[in-house]
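Data from coords_15.txt: compact mmCIF, C-alpha atoms (C1' of nucleotides)
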# COMPACT_ATOMS: atom_id res chain seq x y z
CA MET G 1 -0.06 10.40 10.69
CA ALA G 2 -3.05 8.08 10.46
CA ARG G 3 -5.67 8.04 7.76
CA ALA G 4 -7.70 11.21 7.34
CA ALA G 5 -10.96 11.39 9.25
CA THR G 6 -14.05 10.04 7.55
CA THR G 7 -15.53 13.46 8.19
CA SER G 8 -12.74 15.30 6.44
CA ASP G 9 -14.51 15.31 3.09
CA ALA G 10 -17.04 13.50 0.89
CA PHE G 11 -14.35 11.24 -0.57
CA ASN G 12 -13.55 9.80 2.83
CA ALA G 13 -17.17 9.61 3.88
CA ILE G 14 -18.29 7.54 0.89
CA ALA G 15 -15.43 5.08 1.26
CA GLU G 16 -17.66 3.13 3.65
CA PRO G 17 -20.07 0.83 1.73
CA ARG G 18 -22.86 1.21 4.28
CA ARG G 19 -22.78 4.94 3.93
CA ARG G 20 -23.11 4.62 0.17
CA GLU G 21 -26.13 2.39 0.70
CA ILE G 22 -27.66 4.97 2.98
CA LEU G 23 -27.11 7.70 0.42
CA THR G 24 -28.71 5.60 -2.30
CA LEU G 25 -31.69 4.90 -0.08
CA LEU G 26 -32.15 8.51 0.97
CA ILE G 27 -31.89 10.02 -2.49
CA VAL G 28 -35.32 8.68 -3.41
CA ARG G 29 -37.08 10.27 -0.49
CA GLU G 30 -36.46 11.36 3.06
CA ARG G 31 -36.81 8.73 5.78
CA PRO G 32 -36.76 8.56 9.55
CA VAL G 33 -33.88 6.66 11.16
CA ASN G 34 -35.90 3.59 12.10
CA GLU G 35 -36.87 3.08 8.47
CA ILE G 36 -33.22 3.14 7.44
CA VAL G 37 -32.49 0.62 10.17
CA ALA G 38 -35.26 -1.69 8.96
CA GLU G 39 -34.42 -1.31 5.29
CA LEU G 40 -30.68 -1.89 5.56
CA ARG G 41 -30.79 -4.25 8.55
CA LEU G 42 -28.20 -2.45 10.57
CA ASP G 43 -28.15 -1.66 14.25
CA GLN G 44 -29.73 1.64 15.12
CA PRO G 45 -26.59 3.08 16.76
CA SER G 46 -24.62 2.13 13.69
CA VAL G 47 -27.02 3.98 11.43
CA SER G 48 -26.98 7.02 13.68
CA LYS G 49 -23.21 7.07 13.61
CA HIS G 50 -23.06 6.78 9.83
CA LEU G 51 -25.63 9.53 9.51
CA ARG G 52 -23.53 11.69 11.76
CA VAL G 53 -20.56 11.31 9.44
CA LEU G 54 -22.69 11.98 6.37
CA ARG G 55 -24.19 15.03 8.03
CA ASP G 56 -20.78 16.40 8.99
CA VAL G 57 -19.68 16.47 5.38
CA GLY G 58 -23.03 17.75 4.10
CA LEU G 59 -24.01 14.57 2.27
CA VAL G 60 -27.35 14.40 4.09
CA ARG G 61 -29.75 16.93 5.58
CA VAL G 62 -32.13 16.48 8.47
CA ARG G 63 -35.66 17.64 9.12
CA CYS G 64 -36.99 17.19 12.63
CA ASP G 65 -40.61 16.28 13.25
CA GLY G 66 -41.45 15.50 16.84
CA ARG G 67 -39.25 12.70 18.02
CA ARG G 68 -38.48 11.58 14.52
CA LYS G 69 -35.75 12.91 12.30
CA PHE G 70 -36.10 12.65 8.56
CA TYR G 71 -32.89 12.38 6.64
CA ARG G 72 -32.40 12.89 2.94
CA THR G 73 -29.41 12.83 0.65
CA ASN G 74 -28.05 16.16 -0.45
CA ALA G 75 -27.20 15.34 -4.06
CA GLU G 76 -25.32 18.57 -4.52
CA ALA G 77 -22.59 17.30 -2.17
CA ILE G 78 -21.94 14.35 -4.46
CA ARG G 79 -21.24 16.59 -7.41
CA PRO G 80 -17.54 17.15 -6.67
CA LEU G 81 -17.01 13.39 -6.69
CA HIS G 82 -18.81 13.11 -9.98
CA GLU G 83 -16.79 15.90 -11.50
CA TRP G 84 -13.50 14.48 -10.29
CA ALA G 85 -14.31 11.13 -11.86
CA ALA G 86 -15.73 12.72 -15.00
CA ALA G 87 -12.33 14.26 -15.72
CA PHE G 88 -11.15 10.73 -16.55
CA GLU G 89 -14.09 9.92 -18.76
CA ARG G 90 -12.50 10.73 -22.09
CA TYR G 91 -9.52 8.57 -21.21
CA TRP G 92 -11.47 5.44 -20.63
CA SER G 93 -13.29 6.09 -23.88
CA HIS G 94 -9.90 6.21 -25.58
CA GLN G 95 -8.84 3.04 -23.84
CA LEU G 96 -11.98 1.30 -24.99
CA ILE G 97 -11.33 2.41 -28.55
CA ARG G 98 -7.78 1.07 -28.33
CA VAL G 99 -9.01 -2.21 -26.93
CA LYS G 100 -11.59 -2.40 -29.72
CA GLU G 101 -9.04 -1.65 -32.41
CA ARG G 102 -6.68 -4.24 -31.03
CA ALA G 103 -9.44 -6.82 -31.01
CA GLU G 104 -10.30 -5.98 -34.60
CA ARG G 105 -6.69 -6.26 -35.72
CA ALA G 106 -6.43 -9.62 -33.97
CA ALA G 107 -9.63 -10.81 -35.68
CA ALA G 108 -8.35 -9.66 -39.07
CA GLN G 109 -5.07 -11.44 -38.44
CA GLU G 110 -6.90 -14.59 -37.50
CA SER G 111 -9.00 -14.67 -40.66
CA LYS G 112 -5.91 -14.55 -42.90
CA MET C 1 -13.99 -3.70 13.22
CA ALA C 2 -11.75 -0.94 11.96
CA ARG C 3 -12.08 0.96 8.73
CA ALA C 4 -11.87 -1.12 5.56
CA ALA C 5 -8.46 -1.43 3.97
CA THR C 6 -7.46 1.24 1.48
CA THR C 7 -6.85 -1.64 -0.89
CA SER C 8 -10.34 -3.04 -0.51
CA ASP C 9 -11.72 -1.07 -3.44
CA ALA C 10 -11.34 2.06 -5.54
CA PHE C 11 -13.58 4.06 -3.20
CA ASN C 12 -11.23 3.52 -0.30
CA ALA C 13 -8.13 4.02 -2.40
CA ILE C 14 -9.15 7.45 -3.71
CA ALA C 15 -10.09 8.73 -0.27
CA GLU C 16 -6.48 9.79 0.13
CA PRO C 17 -5.84 13.19 -1.53
CA ARG C 18 -2.27 12.33 -2.54
CA ARG C 19 -3.48 9.29 -4.38
CA ARG C 20 -5.98 11.38 -6.29
CA GLU C 21 -3.16 13.74 -7.25
CA ILE C 22 -1.11 10.82 -8.47
CA LEU C 23 -3.99 9.55 -10.57
CA THR C 24 -4.52 12.97 -12.11
CA LEU C 25 -0.83 13.22 -12.93
CA LEU C 26 -0.60 9.76 -14.43
CA ILE C 27 -3.68 10.00 -16.60
CA VAL C 28 -1.90 12.38 -18.98
CA ARG C 29 1.03 10.07 -19.62
CA GLU C 30 3.00 7.35 -17.93
CA ARG C 31 5.83 8.42 -15.65
CA PRO C 32 8.64 6.80 -13.69
CA VAL C 33 8.46 7.01 -9.89
CA ASN C 34 11.15 9.66 -9.51
CA GLU C 35 9.20 12.01 -11.75
CA ILE C 36 6.13 11.60 -9.58
CA VAL C 37 8.28 12.31 -6.55
CA ALA C 38 9.66 15.47 -8.12
CA GLU C 39 6.33 16.69 -9.46
CA LEU C 40 4.30 16.19 -6.30
CA ARG C 41 7.12 16.86 -3.84
CA LEU C 42 6.58 13.77 -1.76
CA ASP C 43 9.10 11.36 -0.31
CA GLN C 44 9.97 8.47 -2.57
CA PRO C 45 8.87 5.76 -0.12
CA SER C 46 5.57 7.57 0.28
CA VAL C 47 4.98 7.58 -3.45
CA SER C 48 5.93 3.93 -3.75
CA LYS C 49 3.49 3.06 -1.00
CA HIS C 50 0.66 5.02 -2.58
CA LEU C 51 1.40 3.41 -5.93
CA ARG C 52 1.24 0.04 -4.28
CA VAL C 53 -2.27 0.75 -3.02
CA LEU C 54 -3.37 2.10 -6.39
CA ARG C 55 -1.92 -0.92 -8.12
CA ASP C 56 -3.65 -3.33 -5.75
CA VAL C 57 -7.04 -1.96 -6.72
CA GLY C 58 -6.17 -1.69 -10.41
CA LEU C 59 -6.17 2.10 -10.55
CA VAL C 60 -2.69 2.17 -12.06
CA ARG C 61 -0.67 -0.11 -14.32
CA VAL C 62 3.10 -0.52 -14.47
CA ARG C 63 5.52 -1.00 -17.31
CA CYS C 64 9.06 -1.97 -16.37
CA ASP C 65 12.01 -0.64 -18.31
CA GLY C 66 15.40 -1.45 -16.86
CA ARG C 67 15.57 -0.09 -13.36
CA ARG C 68 12.73 2.30 -13.94
CA LYS C 69 9.04 1.55 -13.64
CA PHE C 70 6.55 3.61 -15.59
CA TYR C 71 3.15 3.99 -14.00
CA ARG C 72 -0.01 5.17 -15.68
CA THR C 73 -3.57 5.59 -14.55
CA ASN C 74 -6.03 2.93 -15.61
CA ALA C 75 -9.05 5.12 -16.34
CA GLU C 76 -11.31 2.14 -16.65
CA ALA C 77 -11.01 1.50 -12.90
CA ILE C 78 -12.42 4.95 -12.17
CA ARG C 79 -15.57 4.23 -14.11
CA PRO C 80 -17.47 2.55 -11.26
CA LEU C 81 -16.96 5.65 -9.13
CA HIS C 82 -18.20 7.83 -11.92
CA GLU C 83 -21.23 5.69 -12.45
CA TRP C 84 -22.08 5.57 -8.79
CA ALA C 85 -21.96 9.35 -8.57
CA ALA C 86 -23.77 9.76 -11.89
CA ALA C 87 -26.80 8.01 -10.43
CA PHE C 88 -27.35 11.14 -8.33
CA GLU C 89 -26.95 13.55 -11.20
CA ARG C 90 -30.60 14.05 -11.98
CA TYR C 91 -31.32 14.78 -8.35
CA TRP C 92 -28.96 17.67 -8.05
CA SER C 93 -30.38 19.07 -11.26
CA HIS C 94 -33.80 18.94 -9.61
CA GLN C 95 -32.44 20.55 -6.51
CA LEU C 96 -30.92 23.34 -8.54
CA ILE C 97 -34.25 23.94 -10.22
CA ARG C 98 -35.96 24.13 -6.85
CA VAL C 99 -33.36 26.54 -5.52
CA LYS C 100 -33.78 28.67 -8.62
CA GLU C 101 -37.56 28.71 -8.32
CA ARG C 102 -37.35 29.63 -4.67
CA ALA C 103 -34.98 32.47 -5.46
CA GLU C 104 -37.33 33.71 -8.15
CA ARG C 105 -40.33 33.62 -5.85
CA ALA C 106 -38.36 35.51 -3.23
CA ALA C 107 -37.35 38.10 -5.81
CA ALA C 108 -40.96 38.48 -6.98
CA GLN C 109 -42.08 38.89 -3.40
CA GLU C 110 -39.44 41.52 -2.80
CA SER C 111 -40.45 43.62 -5.77
CA LYS C 112 -44.05 43.91 -4.54
C1' DA A 1 -45.90 11.09 36.61
C1' DC A 2 -44.42 7.10 34.02
C1' DA A 3 -43.63 3.86 30.51
C1' DT A 4 -42.57 3.88 25.67
C1' DT A 5 -40.73 5.32 21.43
C1' DA A 6 -37.03 7.42 18.50
C1' DC A 7 -32.43 8.77 18.21
C1' DA A 8 -27.79 10.03 19.68
C1' DT A 9 -23.66 9.34 22.25
C1' DT A 10 -20.12 7.01 24.92
C1' DC A 11 -16.96 3.29 26.03
C1' DC A 12 -14.15 -0.47 24.66
C1' DC A 13 -11.26 -2.83 21.31
C1' DA A 14 -9.24 -4.92 17.19
C1' DT A 15 -7.50 -3.15 13.03
C1' DA A 16 -5.57 -0.28 9.44
C1' DT A 17 -3.42 3.28 8.27
C1' DA A 18 0.22 7.45 6.61
C1' DG A 19 4.47 9.46 7.47
C1' DG A 20 9.38 9.25 8.69
C1' DA A 21 13.60 6.69 8.99
C1' DA A 22 16.18 3.00 7.77
C1' DT A 23 17.01 -0.76 4.97
C1' DA A 24 16.44 -4.09 1.12
C1' DT A 25 16.30 -5.24 -3.77
C1' DG A 26 17.34 -4.76 -8.52
C1' DT A 27 19.76 -2.67 -12.47
C1' DC A 28 23.17 -0.20 -14.92
C1' DA A 29 27.83 1.85 -15.58
C1' DA A 30 32.83 2.07 -15.17
C1' DT B 1 33.53 -6.14 -8.87
C1' DT B 2 32.08 -1.91 -7.08
C1' DG B 3 29.43 2.10 -6.71
C1' DA B 4 25.60 4.85 -8.06
C1' DC B 5 20.85 5.00 -9.21
C1' DA B 6 15.75 3.64 -9.01
C1' DT B 7 12.29 1.67 -6.51
C1' DA B 8 10.16 -1.23 -2.83
C1' DT B 9 9.63 -2.82 1.80
C1' DT B 10 9.99 -2.93 6.78
C1' DC B 11 9.70 -0.80 11.45
C1' DC B 12 7.71 2.28 14.41
C1' DT B 13 4.00 5.21 16.19
C1' DA B 14 0.10 8.33 16.72
C1' DT B 15 -4.46 8.36 15.23
C1' DA B 16 -8.98 7.19 13.52
C1' DT B 17 -11.97 4.22 12.89
C1' DG B 18 -16.57 0.63 12.89
C1' DG B 19 -19.04 -2.69 15.46
C1' DG B 20 -21.23 -4.11 19.80
C1' DA B 21 -23.08 -3.03 24.23
C1' DA B 22 -24.78 0.12 27.28
C1' DT B 23 -26.46 4.45 28.32
C1' DG B 24 -28.21 9.24 27.57
C1' DT B 25 -31.86 12.38 25.93
C1' DA B 26 -35.96 14.17 24.11
C1' DA B 27 -40.78 13.78 22.73
C1' DT B 28 -45.24 11.23 23.03
C1' DG B 29 -49.05 8.55 24.90
C1' DT B 30 -51.91 7.25 28.87
What would you get if you wrote out this structure as structure tokens?
Amino acid sequence: MARAATTSDAFNAIAEPRRREILTLLIVRERPVNEIVAELRLDQPSVSKHLRVLRDVGLVRVRCDGRRKFYRTNAEAIRPLHEWAAAFERYWSHQLIRVKERAERAAAQESK
Amino acid sequence: MARAATTSDAFNAIAEPRRREILTLLIVRERPVNEIVAELRLDQPSVSKHLRVLRDVGLVRVRCDGRRKFYRTNAEAIRPLHEWAAAFERYWSHQLIRVKERAERAAAQESK
DNA sequence: ACATTACATTCCCATATAGGAATATGTCAA
DNA sequence: TTGACATATTCCTATATGGGAATGTAATGT
């Protein structure tokens, strides 16, 4: 089998750096497509395709107004990612403590 | 261009569900490959290949002991993901507040 | 009606899988 | 040495891109 589709879930969708940039841009406020194009300096079709992926997994929402479409990030859809990563939080704290302790022991050793 | 390599960064590496399972398993304690195989019921070559990807992006570390290799999750490498997602945290809080307020207004309207 | 603006979709292609099967490499035990 | 055990790598293949170019579609202005 090949790699899972980018639209299979938020984890796959955010693997693409451009899509993360779009999400960061659209969390501040909604924007029409041409503004995203101008801001990120990407081709319009490229932006539309990324937005399609983001929309498919619920990471962005659209509001239509005439011929313009305003997109905005749906923060709620990023929560699962945050929670998955947060489960490791206490471990890196521990690792930092261990690193700190080791450094302190080394410093104490050195000063002898 | 095709999709970025799974080894290009942690975001791409964790897009694969099996790799996330491996990371969750190996955060508790280090384990030799055959234990991962048994625990997750995957083929050994598959596990080795996933571990290779995880190792390339620094998400796991190895300790060799005779013919066995003990892998463990390097929590520190998950931190960037956590921080990226955390930047959206306050927005979903806001969204939740808005949803709550809307629900309350609707309820108030209904009771009239 | 017609040109223009704003987006979306389609086609083509080079590239990177992930899984399965087979094989290679490295280490220990008798 | 030889065989068993533990892990890694290589081949093969179907599939899914992401970028570029071209085209489709819908709404607006004149």
Inset, instruction - Have a look at atom CA of Arg19 of chain C and atom CA of His50 of chain C and let me know their distance in Å, one decimal. - result: 6.2 Å
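Interatomic distance, atom CA of Arg90 of chain G to atom CA of Asp56 of chain C: 23.3 Å.
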Please list as a PDB file with C-alpha atoms, in the coordinates of the input every residue within 8 Å of Leu40 of chain C, counting all atoms listed in the file and excluding residues in the same chain fewer than 3 positions away.
ATOM      1  CA  GLU C  21      -3.160  13.740  -7.250  1.00  0.00           C
ATOM      2  CA  ILE C  22      -1.110  10.820  -8.470  1.00  0.00           C
ATOM      3  CA  ILE C  36       6.130  11.600  -9.580  1.00  0.00           C
ATOM      4  CA  VAL C  37       8.280  12.310  -6.550  1.00  0.00           C
TER       5      VAL C  37
END
Return as a Markdown table the residues of chain G lying at most 9 Å from chain A, together with the closest atom-to-atom pair for each and the distance in Å to one decimal, counting only C-alpha atoms (C1' of nucleotides), with rows in chain order and ascending residue number.
| residue | atom | partner | partner_atom | distance |
| --- | --- | --- | --- | --- |
| G:Met1 | CA | A:DA18 | C1' | 5.0 |
| G:Ala2 | CA | A:DA18 | C1' | 5.1 |
| G:Arg3 | CA | A:DT17 | C1' | 5.3 |
| G:Ala4 | CA | A:DA18 | C1' | 8.8 |
| G:Val33 | CA | A:DC7 | C1' | 7.5 |
| G:Asn34 | CA | A:DA6 | C1' | 7.5 |
| G:Gln44 | CA | A:DC7 | C1' | 8.2 |
| G:Pro45 | CA | A:DA8 | C1' | 7.6 |
| G:Ser48 | CA | A:DA8 | C1' | 6.8 |
| G:Lys49 | CA | A:DA8 | C1' | 8.2 |
| G:Arg67 | CA | A:DA6 | C1' | 5.7 |
| G:Arg68 | CA | A:DA6 | C1' | 5.9 |
| G:Lys69 | CA | A:DC7 | C1' | 7.9 |
Inset, instruction - Could you check how far atom CA of Ile27 of chain C sits from atom CA of Val57 of chain C, in Å to one decimal? - result: 15.9 Å
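In this comparison, which uses only C-alpha atoms, the residue of G:Val47, G:Ala5, G:Leu42, G:Ala15 approaching chain C most closely is G:Ala15.
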Inset, instruction - Counting all atoms listed in the file, write as a VMD selection string all protein and nucleic acid residues lying at most 12 Å from (-40.9, 17.7, 16.0) in the file's frame. - result: (chain G and resid 32 62 to 70) or (chain A and resid 6) or (chain B and resid 26 to 28)
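Ranking G:Asp43, G:Arg52, G:Arg79, G:Arg29 by their shortest atom-to-atom distance to chain B, with only C-alpha atoms (C1' of nucleotides) included, puts G:Asp43 first.
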Select all residues from chain B having any atom no more than 10 Å from an atom of chain C (counting only C-alpha atoms (C1' of nucleotides), ignoring ligands), output as a PDB file with C-alpha atoms (C1' of nucleotides), in the coordinates of the input.
ATOM      1  C1'  DC B   5      20.850   5.000  -9.210  1.00  0.00           C
ATOM      2  C1'  DA B   6      15.750   3.640  -9.010  1.00  0.00           C
ATOM      3  C1'  DT B   7      12.290   1.670  -6.510  1.00  0.00           C
ATOM      4  C1'  DA B   8      10.160  -1.230  -2.830  1.00  0.00           C
ATOM      5  C1'  DT B   9       9.630  -2.820   1.800  1.00  0.00           C
ATOM      6  C1'  DA B  16      -8.980   7.190  13.520  1.00  0.00           C
ATOM      7  C1'  DT B  17     -11.970   4.220  12.890  1.00  0.00           C
ATOM      8  C1'  DG B  18     -16.570   0.630  12.890  1.00  0.00           C
ATOM      9  C1'  DG B  19     -19.040  -2.690  15.460  1.00  0.00           C
ATOM     10  C1'  DG B  20     -21.230  -4.110  19.800  1.00  0.00           C
TER      11       DG B  20
END
Counting all atoms listed in the file, collect the residues of chain G whose closest atom lies at most 12 Å from chain C, and write them out as a JSON list (two decimals) with C-alpha atoms, in the coordinates of the input.
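Just written: iface-v2.json:
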[["chain", "number", "residue", "atom", "x", "y", "z"],
["G", 2, "ALA", "CA", -3.05, 8.08, 10.46],
["G", 3, "ARG", "CA", -5.67, 8.04, 7.76],
["G", 4, "ALA", "CA", -7.70, 11.21, 7.34],
["G", 5, "ALA", "CA", -10.96, 11.39, 9.25],
["G", 6, "THR", "CA", -14.05, 10.04, 7.55],
["G", 7, "THR", "CA", -15.53, 13.46, 8.19],
["G", 8, "SER", "CA", -12.74, 15.30, 6.44],
["G", 9, "ASP", "CA", -14.51, 15.31, 3.09],
["G", 10, "ALA", "CA", -17.04, 13.50, 0.89],
["G", 11, "PHE", "CA", -14.35, 11.24, -0.57],
["G", 12, "ASN", "CA", -13.55, 9.80, 2.83],
["G", 13, "ALA", "CA", -17.17, 9.61, 3.88],
["G", 14, "ILE", "CA", -18.29, 7.54, 0.89],
["G", 15, "ALA", "CA", -15.43, 5.08, 1.26],
["G", 16, "GLU", "CA", -17.66, 3.13, 3.65],
["G", 17, "PRO", "CA", -20.07, 0.83, 1.73],
["G", 18, "ARG", "CA", -22.86, 1.21, 4.28],
["G", 19, "ARG", "CA", -22.78, 4.94, 3.93],
["G", 20, "ARG", "CA", -23.11, 4.62, 0.17],
["G", 21, "GLU", "CA", -26.13, 2.39, 0.70],
["G", 23, "LEU", "CA", -27.11, 7.70, 0.42],
["G", 24, "THR", "CA", -28.71, 5.60, -2.30],
["G", 25, "LEU", "CA", -31.69, 4.90, -0.08],
["G", 26, "LEU", "CA", -32.15, 8.51, 0.97],
["G", 27, "ILE", "CA", -31.89, 10.02, -2.49],
["G", 28, "VAL", "CA", -35.32, 8.68, -3.41],
["G", 29, "ARG", "CA", -37.08, 10.27, -0.49],
["G", 59, "LEU", "CA", -24.01, 14.57, 2.27],
["G", 72, "ARG", "CA", -32.40, 12.89, 2.94],
["G", 73, "THR", "CA", -29.41, 12.83, 0.65],
["G", 74, "ASN", "CA", -28.05, 16.16, -0.45],
["G", 75, "ALA", "CA", -27.20, 15.34, -4.06],
["G", 76, "GLU", "CA", -25.32, 18.57, -4.52],
["G", 77, "ALA", "CA", -22.59, 17.30, -2.17],
["G", 78, "ILE", "CA", -21.94, 14.35, -4.46],
["G", 79, "ARG", "CA", -21.24, 16.59, -7.41],
["G", 80, "PRO", "CA", -17.54, 17.15, -6.67],
["G", 81, "LEU", "CA", -17.01, 13.39, -6.69],
["G", 82, "HIS", "CA", -18.81, 13.11, -9.98],
["G", 83, "GLU", "CA", -16.79, 15.90, -11.50],
["G", 84, "TRP", "CA", -13.50, 14.48, -10.29],
["G", 85, "ALA", "CA", -14.31, 11.13, -11.86],
["G", 86, "ALA", "CA", -15.73, 12.72, -15.00],
["G", 87, "ALA", "CA", -12.33, 14.26, -15.72],
["G", 88, "PHE", "CA", -11.15, 10.73, -16.55],
["G", 89, "GLU", "CA", -14.09, 9.92, -18.76],
["G", 90, "ARG", "CA", -12.50, 10.73, -22.09],
["G", 91, "TYR", "CA", -9.52, 8.57, -21.21],
["G", 92, "TRP", "CA", -11.47, 5.44, -20.63],
["G", 93, "SER", "CA", -13.29, 6.09, -23.88],
["G", 94, "HIS", "CA", -9.90, 6.21, -25.58],
["G", 95, "GLN", "CA", -8.84, 3.04, -23.84],
["G", 96, "LEU", "CA", -11.98, 1.30, -24.99],
["G", 97, "ILE", "CA", -11.33, 2.41, -28.55],
["G", 99, "VAL", "CA", -9.01, -2.21, -26.93]]
